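First the structure, in the form of structure tokens, and then the observations on it.
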Amino acid sequence: QLQLVESGGGLVQPGGSLRLSCSASGLRLDSYAIGWFRQAPGKEREGLSFIRKSAGTIYYADSVKGRFTISGDSGRNTVYLQMNSLKPEDTAVYYCATSRVPLSLLFLLRPSDFGSWGQGTQVTVSS
């Protein structure tokens with residue numbers, strides 16, 4: 001059974017940092033591209049970043065470039081999203097998901113190209 005579990009969310013002040021984790025069971029994350037997404041209330045799910053280790057490729061959406069860093073730990077079968085300089089507009093539920101679409105499509109970060117979604121972890125940025 002494929003399962004992804006996100007963790008690490010919480011309440012943080014503006015300018016603060018959090019590290020989210022995406023842990024997998026029933027699959028080897030290195031065999032997939034792993035994407036991070038978020039969804040704020042009343043908004044569509046937004047693609048933030050992906051990593052495809054087999055292709056040595058990492059990509060960030062403009063909204064998080066320079067502030068967020070994606071990385072993978074093969075030994076722990078976990079992908080991380082380090083989030084720095086957080087802003088109130090970063091408040092959302094954050095999800096990870098897998099994909100095997102061609103690399104050229106991954107750059108679009110379309111939720112429809114990803115599957116095996118985790119349950120999400122809430123991130124709230126507020127003073």
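Each chain in the structure tokens gets a letter, A, B, ..., in the order shown, and its residues are numbered from 1; ligands are numbered from 1 in order too.
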
Exercise. From a DSSP pass on the backbone, collect the residues of chain A flagged as strand (DSSP E) and hand them back as a PyMOL selection string.
Key: chain A and resi 3-7+10-12+18-25+33-39+46-52+57-60+68-73+78-83+92-99+121-125

Self-check item: Test item: residues at most 8 Å from Glu46 of chain A, only C-alpha atoms, excluding those fewer than 6 positions along its chain, as a PyMOL selection string
Solution: chain A and resi 37-39+109+111

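The smallest atom-to-atom distance between Thr121 of chain A and any of A:Trp36, A:Phe50, A:Phe68, A:Tyr60, using only C-alpha atoms, is found for A:Trp36.
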
Quiz item: Taking into account only C-alpha atoms, which residue in the set A:Ser31, A:Gln82, A:Ser112, A:Ser127 is nearest to Gly47 of chain A?
Solution: A:Ser112

Quiz item: Taking the backbone alone, and naming residues the way the document does, which bits of segment 21-111 of chain A are alpha helix (DSSP H) by DSSP, as number ranges by chain?
Solution: A: 103-106

Exercise. Would you mind listing what lies within 12 Å of Gly56 of chain A as a PyMOL selection string, with only C-alpha atoms counted and same-chain residues fewer than 4 positions away left out?
Key: chain A and resi 30+32-33+50-52+71-72+103

Quiz item: Between A:Gly120, A:Gly115, A:Pro41, A:Gly35, which has the minimum distance to Ile58 of chain A (counting only C-alpha atoms)?
Solution: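 Nearest candidate to Ile58 of chain A out of A:Gly120, A:Gly115, A:Pro41, A:Gly35: A:Gly35.
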
Give me the residues near segment 18-29 of chain A as a PDB file with N, CA and C atoms, in the first residue's frame, where near means some atom within 7 Å (using only C-alpha atoms) and where sequence neighbours in that chain fewer than 6 positions away do not count.
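Output file selection-v9.pdb is given in full below:
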ATOM      1  N   GLN A   1       0.852  -1.193   0.000  1.00  0.00           N
ATOM      2  CA  GLN A   1       0.000   0.000   0.000  1.00  0.00           C
ATOM      3  C   GLN A   1       0.881   1.234   0.000  1.00  0.00           C
ATOM      4  N   LEU A   2       0.663   2.084  -1.026  1.00  0.00           N
ATOM      5  CA  LEU A   2       1.435   3.306  -1.122  1.00  0.00           C
ATOM      6  C   LEU A   2       0.869   4.336  -0.160  1.00  0.00           C
ATOM      7  N   GLN A   3       1.747   4.959   0.598  1.00  0.00           N
ATOM      8  CA  GLN A   3       1.282   5.976   1.525  1.00  0.00           C
ATOM      9  C   GLN A   3       2.354   7.013   1.744  1.00  0.00           C
ATOM     10  N   LEU A   4       1.957   8.279   1.676  1.00  0.00           N
ATOM     11  CA  LEU A   4       2.816   9.390   2.022  1.00  0.00           C
ATOM     12  C   LEU A   4       2.249  10.066   3.260  1.00  0.00           C
ATOM     13  N   VAL A   5       3.131  10.474   4.156  1.00  0.00           N
ATOM     14  CA  VAL A   5       2.712  11.150   5.375  1.00  0.00           C
ATOM     15  C   VAL A   5       3.523  12.419   5.531  1.00  0.00           C
ATOM     16  N   GLU A   6       2.824  13.551   5.565  1.00  0.00           N
ATOM     17  CA  GLU A   6       3.484  14.833   5.793  1.00  0.00           C
ATOM     18  C   GLU A   6       3.489  15.153   7.280  1.00  0.00           C
ATOM     19  N   SER A   7       4.513  15.852   7.712  1.00  0.00           N
ATOM     20  CA  SER A   7       4.598  16.300   9.096  1.00  0.00           C
ATOM     21  C   SER A   7       5.481  17.535   9.165  1.00  0.00           C
ATOM     22  N   GLY A   8       5.468  18.194  10.312  1.00  0.00           N
ATOM     23  CA  GLY A   8       6.343  19.333  10.525  1.00  0.00           C
ATOM     24  C   GLY A   8       5.662  20.686  10.475  1.00  0.00           C
ATOM     25  N   GLY A   9       4.376  20.693  10.166  1.00  0.00           N
ATOM     26  CA  GLY A   9       3.657  21.957  10.132  1.00  0.00           C
ATOM     27  C   GLY A   9       3.449  22.529  11.517  1.00  0.00           C
ATOM     28  N   ASN A  77      14.055   7.468   3.297  1.00  0.00           N
ATOM     29  CA  ASN A  77      12.931   7.442   2.359  1.00  0.00           C
ATOM     30  C   ASN A  77      11.994   8.624   2.618  1.00  0.00           C
ATOM     31  N   THR A  78      12.617   9.784   2.740  1.00  0.00           N
ATOM     32  CA  THR A  78      11.892  10.993   3.130  1.00  0.00           C
ATOM     33  C   THR A  78      12.351  12.163   2.271  1.00  0.00           C
ATOM     34  N   VAL A  79      11.407  13.016   1.918  1.00  0.00           N
ATOM     35  CA  VAL A  79      11.696  14.264   1.226  1.00  0.00           C
ATOM     36  C   VAL A  79      11.310  15.413   2.152  1.00  0.00           C
ATOM     37  N   TYR A  80      12.150  16.430   2.164  1.00  0.00           N
ATOM     38  CA  TYR A  80      11.945  17.570   3.056  1.00  0.00           C
ATOM     39  C   TYR A  80      11.661  18.838   2.257  1.00  0.00           C
ATOM     40  N   LEU A  81      10.985  19.755   2.905  1.00  0.00           N
ATOM     41  CA  LEU A  81      10.808  21.099   2.364  1.00  0.00           C
ATOM     42  C   LEU A  81      11.170  22.077   3.472  1.00  0.00           C
ATOM     43  N   GLN A  82      12.350  22.673   3.347  1.00  0.00           N
ATOM     44  CA  GLN A  82      12.792  23.686   4.298  1.00  0.00           C
ATOM     45  C   GLN A  82      12.204  25.016   3.866  1.00  0.00           C
ATOM     46  N   MET A  83      11.476  25.652   4.756  1.00  0.00           N
ATOM     47  CA  MET A  83      10.787  26.898   4.424  1.00  0.00           C
ATOM     48  C   MET A  83      11.328  28.014   5.318  1.00  0.00           C
ATOM     49  N   ASN A  84      11.928  29.007   4.706  1.00  0.00           N
ATOM     50  CA  ASN A  84      12.494  30.140   5.428  1.00  0.00           C
ATOM     51  C   ASN A  84      11.763  31.429   5.032  1.00  0.00           C
ATOM     52  N   CYS A  96       2.461  16.550  -0.019  1.00  0.00           N
ATOM     53  CA  CYS A  96       3.435  15.978  -0.944  1.00  0.00           C
ATOM     54  C   CYS A  96       2.721  14.905  -1.766  1.00  0.00           C
TER      55      CYS A  96
END

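The shortest atom-to-atom distance to Asp113 of chain A, with only C-alpha atoms taken into account, belongs to A:Ser99 out of A:Ser74, A:Ser126, A:Ser54, A:Ser99.
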
Self-check item: Near-Leu11 of chain A list (12 Å; only C-alpha atoms; drop same-chain fewer than 6 positions) as JSON, numbers by chain
Solution: {"A": [17, 18, 86, 87, 88, 90, 91, 92, 93, 121, 122, 123, 124, 125, 126, 127]}

Quiz prompt | Distance criterion (only C-alpha atoms): nearest to Leu48 of chain A out of A:Arg110, A:Val12, A:Ser85, A:Thr98 | solution =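 Smallest separation from Leu48 of chain A among the options: A:Arg110.
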